[in-house]
Amino acid sequence: MKLEVLAIAAHPDDVELSCGGTMIKMAQMGYRTGILDLTRGEMGTRGTPEARAKEAAAAAKILGVAVRENLGLPDSRLEVNEEYKRKIALKIREFRPHTVILPYWEGRHPDHYTTSKLGYEGCFLAGLKQMPLSGEPHRPFKIIYSAVYQDVRPSFAVDITAQFEKRKRAIEAYKSQFLPPKTGKKSNVFLPLDELENKMNLIAGYYGQMIGVRYAEPFLTRELQAVDDVVKLAVRSI
């Protein structure tokens, strides 16, 4: 299987919350897309790993991805080690993505920034011819980092105005995470759906305004981007 875009995330629902609109847009453009979740989110306060797996499958259908897999690594105990890097490298060789989307390399949750480093090093190892892994060596052409929750200036933003409502449906597929618990008990980490929706509207609207559209998702690249035609650059300067 060859993918044009592969998003790697720590937990089920991370992709939907960080770059779901972009994943939908790429699938609508005819690209084969995929998601690799590293953990089952078993340490989460809400829901169960089994429930989240079903929700992730439902969300994947809405996102239009060709494949979604879970490596089953330990939630909240991710670390950069040889075993985990090789597991990711095997998937890179299997999926052969052109572009990989990773979480930003800093953040509040250790699993998120650890996934960023694991993903990068896994992509690197996958391209080593002498690395004793099954499959043909492959290294993605492009690695981009989702910056949706970071206080950094992104390198670029993707217009997701047309995909915004569908992204919302994909997020809402995680009922165990964002709908009130049936027991009626309150949790100090529970994020009500209306609060989440307001937050997502504000963030996507902010980045949309920056590029002159209604909603957008921001991304970072470590390397400088090349431009061949300065006449066709988007977004007005004045």
# chains A, B, ... in the order shown; residues from 1 in each chain; ligands from 1
$ residues_around --residues "Tyr206 (chain A)" --least-positions-apart "6" --cutoff "9 Å" --atoms "only C-alpha atoms" --output "JSON, numbers by chain"
{"A": [214, 215, 216]}
$ closest_atom_pairs --of "region 133-207 of chain A" --to "region 86-106 of chain A" --cutoff "10 Å" --atoms "only C-alpha atoms" --output "tab-separated table"
residue	atom	partner	partner_atom	distance
A:Leu133	CA	A:Leu90	CA	6.7
A:Ser134	CA	A:Leu90	CA	7.0
A:Gly135	CA	A:Arg93	CA	5.8
A:Glu136	CA	A:Arg93	CA	6.2
A:Pro137	CA	A:Arg93	CA	6.1
A:His138	CA	A:Arg93	CA	5.4
A:Arg139	CA	A:Arg96	CA	7.4
A:Pro140	CA	A:His98	CA	4.8
A:Phe141	CA	A:His98	CA	5.2
A:Lys142	CA	A:Thr99	CA	4.7
A:Ile143	CA	A:Val100	CA	4.8
A:Ile144	CA	A:Ile101	CA	5.0
A:Tyr145	CA	A:Leu102	CA	4.8
A:Ser146	CA	A:Pro103	CA	5.2
A:Ala147	CA	A:Tyr104	CA	5.7
A:Val148	CA	A:Tyr104	CA	8.7
A:Tyr149	CA	A:Tyr104	CA	8.8
A:Gln150	CA	A:Tyr104	CA	7.7
A:Val152	CA	A:Tyr104	CA	9.9
$ write_last_selection --atoms "C-alpha atoms" --output "PDB file, in the first residue's frame"
ATOM      1  CA  LEU A 133      13.722  -4.668   8.712  1.00  0.00           C
ATOM      2  CA  SER A 134      11.290  -6.375   6.383  1.00  0.00           C
ATOM      3  CA  GLY A 135      10.140  -4.411   3.367  1.00  0.00           C
ATOM      4  CA  GLU A 136      11.895  -2.113   0.925  1.00  0.00           C
ATOM      5  CA  PRO A 137      13.648   0.934   2.384  1.00  0.00           C
ATOM      6  CA  HIS A 138      11.530   4.067   2.210  1.00  0.00           C
ATOM      7  CA  ARG A 139      11.849   7.559   3.599  1.00  0.00           C
ATOM      8  CA  PRO A 140       9.016  10.086   3.324  1.00  0.00           C
ATOM      9  CA  PHE A 141       9.739  13.102   1.151  1.00  0.00           C
ATOM     10  CA  LYS A 142       8.082  15.570   3.513  1.00  0.00           C
ATOM     11  CA  ILE A 143       7.479  15.747   7.266  1.00  0.00           C
ATOM     12  CA  ILE A 144       5.163  18.462   8.557  1.00  0.00           C
ATOM     13  CA  TYR A 145       4.127  19.224  12.122  1.00  0.00           C
ATOM     14  CA  SER A 146       0.655  20.101  13.329  1.00  0.00           C
ATOM     15  CA  ALA A 147       0.793  23.349  15.296  1.00  0.00           C
ATOM     16  CA  VAL A 148      -2.876  23.826  16.111  1.00  0.00           C
ATOM     17  CA  TYR A 149      -2.454  24.117  19.904  1.00  0.00           C
ATOM     18  CA  GLN A 150       0.993  25.699  19.970  1.00  0.00           C
ATOM     19  CA  VAL A 152       4.239  29.380  17.543  1.00  0.00           C
TER      20      VAL A 152
END
$ residues_around --residues "Glu197 (chain A)" --least-positions-apart "6" --cutoff "12 Å" --atoms "only C-alpha atoms" --output "list in words"
Leu17, Phe164, Glu165, Arg167, Lys168, Arg169, Ile171, Glu172, Phe178, Leu179, Leu191, Ile203, Ala204 and Gly205 of chain A
$ write_last_selection --atoms "N, CA and C atoms" --output "mmCIF file, in the first residue's frame"
data_model
loop_
_atom_site.group_PDB
_atom_site.id
_atom_site.type_symbol
_atom_site.label_atom_id
_atom_site.label_comp_id
_atom_site.auth_asym_id
_atom_site.auth_seq_id
_atom_site.Cartn_x
_atom_site.Cartn_y
_atom_site.Cartn_z
ATOM 1 N N LEU A 17 -8.533 16.064 16.095
ATOM 2 C CA LEU A 17 -8.462 17.354 16.772
ATOM 3 C C LEU A 17 -7.362 18.260 16.240
ATOM 4 N N PHE A 164 -14.882 21.781 7.306
ATOM 5 C CA PHE A 164 -15.028 22.041 8.741
ATOM 6 C C PHE A 164 -16.159 21.252 9.378
ATOM 7 N N GLU A 165 -17.320 21.202 8.752
ATOM 8 C CA GLU A 165 -18.458 20.487 9.331
ATOM 9 C C GLU A 165 -18.206 18.983 9.378
ATOM 10 N N ARG A 167 -15.244 17.605 9.627
ATOM 11 C CA ARG A 167 -14.279 17.413 10.706
ATOM 12 C C ARG A 167 -14.986 17.376 12.057
ATOM 13 N N LYS A 168 -15.963 18.247 12.221
ATOM 14 C CA LYS A 168 -16.749 18.273 13.452
ATOM 15 C C LYS A 168 -17.421 16.929 13.694
ATOM 16 N N ARG A 169 -17.978 16.328 12.639
ATOM 17 C CA ARG A 169 -18.619 15.020 12.766
ATOM 18 C C ARG A 169 -17.607 13.955 13.174
ATOM 19 N N ILE A 171 -14.895 14.391 14.970
ATOM 20 C CA ILE A 171 -14.590 14.601 16.392
ATOM 21 C C ILE A 171 -15.733 14.086 17.258
ATOM 22 N N GLU A 172 -16.958 14.359 16.834
ATOM 23 C CA GLU A 172 -18.122 13.936 17.603
ATOM 24 C C GLU A 172 -18.297 12.422 17.626
ATOM 25 N N PHE A 178 -16.248 13.129 24.667
ATOM 26 C CA PHE A 178 -16.740 14.502 24.635
ATOM 27 C C PHE A 178 -18.214 14.681 24.986
ATOM 28 N N LEU A 179 -18.945 13.583 25.157
ATOM 29 C CA LEU A 179 -20.324 13.696 25.597
ATOM 30 C C LEU A 179 -20.406 13.479 27.110
ATOM 31 N N LEU A 191 -14.164 17.511 29.159
ATOM 32 C CA LEU A 191 -14.320 18.648 28.254
ATOM 33 C C LEU A 191 -15.667 18.537 27.558
ATOM 34 N N ILE A 203 -10.116 28.490 17.317
ATOM 35 C CA ILE A 203 -8.770 28.224 16.811
ATOM 36 C C ILE A 203 -8.757 28.170 15.292
ATOM 37 N N ALA A 204 -9.688 27.404 14.718
ATOM 38 C CA ALA A 204 -9.738 27.296 13.256
ATOM 39 C C ALA A 204 -10.080 28.640 12.624
ATOM 40 N N GLY A 205 -10.938 29.411 13.291
ATOM 41 C CA GLY A 205 -11.284 30.728 12.780
ATOM 42 C C GLY A 205 -10.111 31.688 12.827
#
$ closest_residue --among "A:Asp37, A:Glu69, A:Glu83, A:Glu16" --to "Ala173 (chain A)" --atoms "only C-alpha atoms"
A:Glu16
$ select_by_dssp --residues "region 33-238 of chain A" --states "strand (DSSP E or B)" --output "PyMOL selection string"
chain A and resi 33-39+67-73+99-103+142-146+156-159+216-220
$ atom_distance --atom1 "CA of His112 (chain A)" --atom2 "CA of Glu217 (chain A)"
17.5 Å
$ decode --residues "region 80-216 of chain A" --atoms "C-alpha atoms" --output "tab-separated table (two decimals), in the first residue's frame"
chain	number	residue	atom	x	y	z
A	80	VAL	CA	12.13	6.98	22.38
A	81	ASN	CA	13.67	3.52	22.19
A	82	GLU	CA	14.82	1.13	19.50
A	83	GLU	CA	11.79	-1.14	19.75
A	84	TYR	CA	9.23	1.60	19.22
A	85	LYS	CA	11.23	3.29	16.45
A	86	ARG	CA	11.50	0.00	14.57
A	87	LYS	CA	7.76	-0.62	14.87
A	88	ILE	CA	7.09	2.75	13.27
A	89	ALA	CA	9.79	2.22	10.65
A	90	LEU	CA	8.11	-1.04	9.61
A	91	LYS	CA	4.85	0.83	9.05
A	92	ILE	CA	6.63	3.52	7.07
A	93	ARG	CA	8.05	0.84	4.80
A	94	GLU	CA	4.63	-0.78	4.51
A	95	PHE	CA	2.65	2.39	3.78
A	96	ARG	CA	5.42	4.24	1.89
A	97	PRO	CA	3.96	7.70	2.53
A	98	HIS	CA	5.08	10.77	0.61
A	99	THR	CA	4.09	13.15	3.42
A	100	VAL	CA	3.98	12.41	7.13
A	101	ILE	CA	2.12	14.61	9.63
A	102	LEU	CA	3.51	14.56	13.18
A	103	PRO	CA	2.57	16.37	16.39
A	104	TYR	CA	4.58	19.49	17.22
A	105	TRP	CA	7.84	18.66	19.01
A	106	GLU	CA	6.89	20.48	22.22
A	107	GLY	CA	3.71	20.33	24.32
A	108	ARG	CA	1.98	19.64	27.61
A	109	HIS	CA	1.41	15.91	27.15
A	110	PRO	CA	4.64	13.83	27.10
A	111	ASP	CA	3.10	11.33	24.68
A	112	HIS	CA	2.57	14.05	22.08
A	113	TYR	CA	6.11	15.38	21.92
A	114	THR	CA	7.51	11.87	22.30
A	115	THR	CA	5.41	10.78	19.30
A	116	SER	CA	6.94	13.65	17.34
A	117	LYS	CA	10.46	12.39	17.99
A	118	LEU	CA	9.52	8.72	17.59
A	119	GLY	CA	7.84	9.47	14.27
A	120	TYR	CA	10.78	11.41	12.92
A	121	GLU	CA	13.35	8.82	13.92
A	122	GLY	CA	11.13	6.00	12.67
A	123	CYS	CA	10.91	7.72	9.29
A	124	PHE	CA	14.68	8.06	9.21
A	125	LEU	CA	15.35	4.42	10.12
A	126	ALA	CA	12.87	3.23	7.48
A	127	GLY	CA	15.12	4.63	4.78
A	128	LEU	CA	18.32	2.89	5.86
A	129	LYS	CA	19.17	0.11	3.40
A	130	GLN	CA	21.25	-1.76	5.95
A	131	MET	CA	18.57	-1.65	8.66
A	132	PRO	CA	17.43	-5.27	9.23
A	133	LEU	CA	13.72	-4.67	8.71
A	134	SER	CA	11.29	-6.37	6.38
A	135	GLY	CA	10.14	-4.41	3.37
A	136	GLU	CA	11.90	-2.11	0.93
A	137	PRO	CA	13.65	0.93	2.38
A	138	HIS	CA	11.53	4.07	2.21
A	139	ARG	CA	11.85	7.56	3.60
A	140	PRO	CA	9.02	10.09	3.32
A	141	PHE	CA	9.74	13.10	1.15
A	142	LYS	CA	8.08	15.57	3.51
A	143	ILE	CA	7.48	15.75	7.27
A	144	ILE	CA	5.16	18.46	8.56
A	145	TYR	CA	4.13	19.22	12.12
A	146	SER	CA	0.65	20.10	13.33
A	147	ALA	CA	0.79	23.35	15.30
A	148	VAL	CA	-2.88	23.83	16.11
A	149	TYR	CA	-2.45	24.12	19.90
A	150	GLN	CA	0.99	25.70	19.97
A	151	ASP	CA	2.01	29.28	20.61
A	152	VAL	CA	4.24	29.38	17.54
A	153	ARG	CA	3.93	31.03	14.17
A	154	PRO	CA	3.14	28.30	11.61
A	155	SER	CA	4.94	27.92	8.31
A	156	PHE	CA	1.64	27.60	6.45
A	157	ALA	CA	-2.04	26.90	6.99
A	158	VAL	CA	-4.52	24.74	5.08
A	159	ASP	CA	-7.95	26.14	4.23
A	160	ILE	CA	-10.47	23.67	5.72
A	161	THR	CA	-13.59	25.82	5.38
A	162	ALA	CA	-15.30	23.29	3.12
A	163	GLN	CA	-14.24	20.41	5.38
A	164	PHE	CA	-15.03	22.04	8.74
A	165	GLU	CA	-18.46	20.49	9.33
A	166	LYS	CA	-17.23	17.05	8.35
A	167	ARG	CA	-14.28	17.41	10.71
A	168	LYS	CA	-16.75	18.27	13.45
A	169	ARG	CA	-18.62	15.02	12.77
A	170	ALA	CA	-15.36	13.06	12.99
A	171	ILE	CA	-14.59	14.60	16.39
A	172	GLU	CA	-18.12	13.94	17.60
A	173	ALA	CA	-17.63	10.25	16.78
A	174	TYR	CA	-15.68	10.06	20.07
A	175	LYS	CA	-18.78	10.06	22.23
A	176	SER	CA	-16.98	8.54	25.21
A	177	GLN	CA	-14.57	11.47	25.27
A	178	PHE	CA	-16.74	14.50	24.64
A	179	LEU	CA	-20.32	13.70	25.60
A	180	PRO	CA	-21.50	13.87	29.25
A	181	PRO	CA	-21.01	10.57	31.11
A	182	LYS	CA	-24.17	8.52	31.56
A	183	THR	CA	-23.52	8.23	35.29
A	184	GLY	CA	-23.96	11.95	35.71
A	185	LYS	CA	-20.68	12.15	37.59
A	186	LYS	CA	-18.52	15.14	36.85
A	187	SER	CA	-14.83	14.90	36.08
A	188	ASN	CA	-12.32	17.67	36.56
A	189	VAL	CA	-10.80	16.76	33.19
A	190	PHE	CA	-14.06	16.38	31.29
A	191	LEU	CA	-14.32	18.65	28.25
A	192	PRO	CA	-17.99	19.20	27.35
A	193	LEU	CA	-18.81	19.05	23.67
A	194	ASP	CA	-20.07	22.62	23.57
A	195	GLU	CA	-16.85	23.89	25.16
A	196	LEU	CA	-14.77	21.82	22.74
A	197	GLU	CA	-16.78	23.05	19.77
A	198	ASN	CA	-16.32	26.66	20.82
A	199	LYS	CA	-12.58	26.11	21.23
A	200	MET	CA	-12.27	24.44	17.83
A	201	ASN	CA	-14.27	27.21	16.16
A	202	LEU	CA	-12.07	29.89	17.69
A	203	ILE	CA	-8.77	28.22	16.81
A	204	ALA	CA	-9.74	27.30	13.26
A	205	GLY	CA	-11.28	30.73	12.78
A	206	TYR	CA	-8.14	32.46	14.01
A	207	TYR	CA	-5.87	30.66	11.57
A	208	GLY	CA	-8.46	31.05	8.84
A	209	GLN	CA	-8.45	34.80	9.35
A	210	MET	CA	-4.67	34.82	9.04
A	211	ILE	CA	-4.89	33.44	5.49
A	212	GLY	CA	-8.12	35.14	4.45
A	213	VAL	CA	-10.54	32.21	4.76
A	214	ARG	CA	-13.08	31.17	7.38
A	215	TYR	CA	-11.33	28.11	8.87
A	216	ALA	CA	-7.79	26.74	8.61
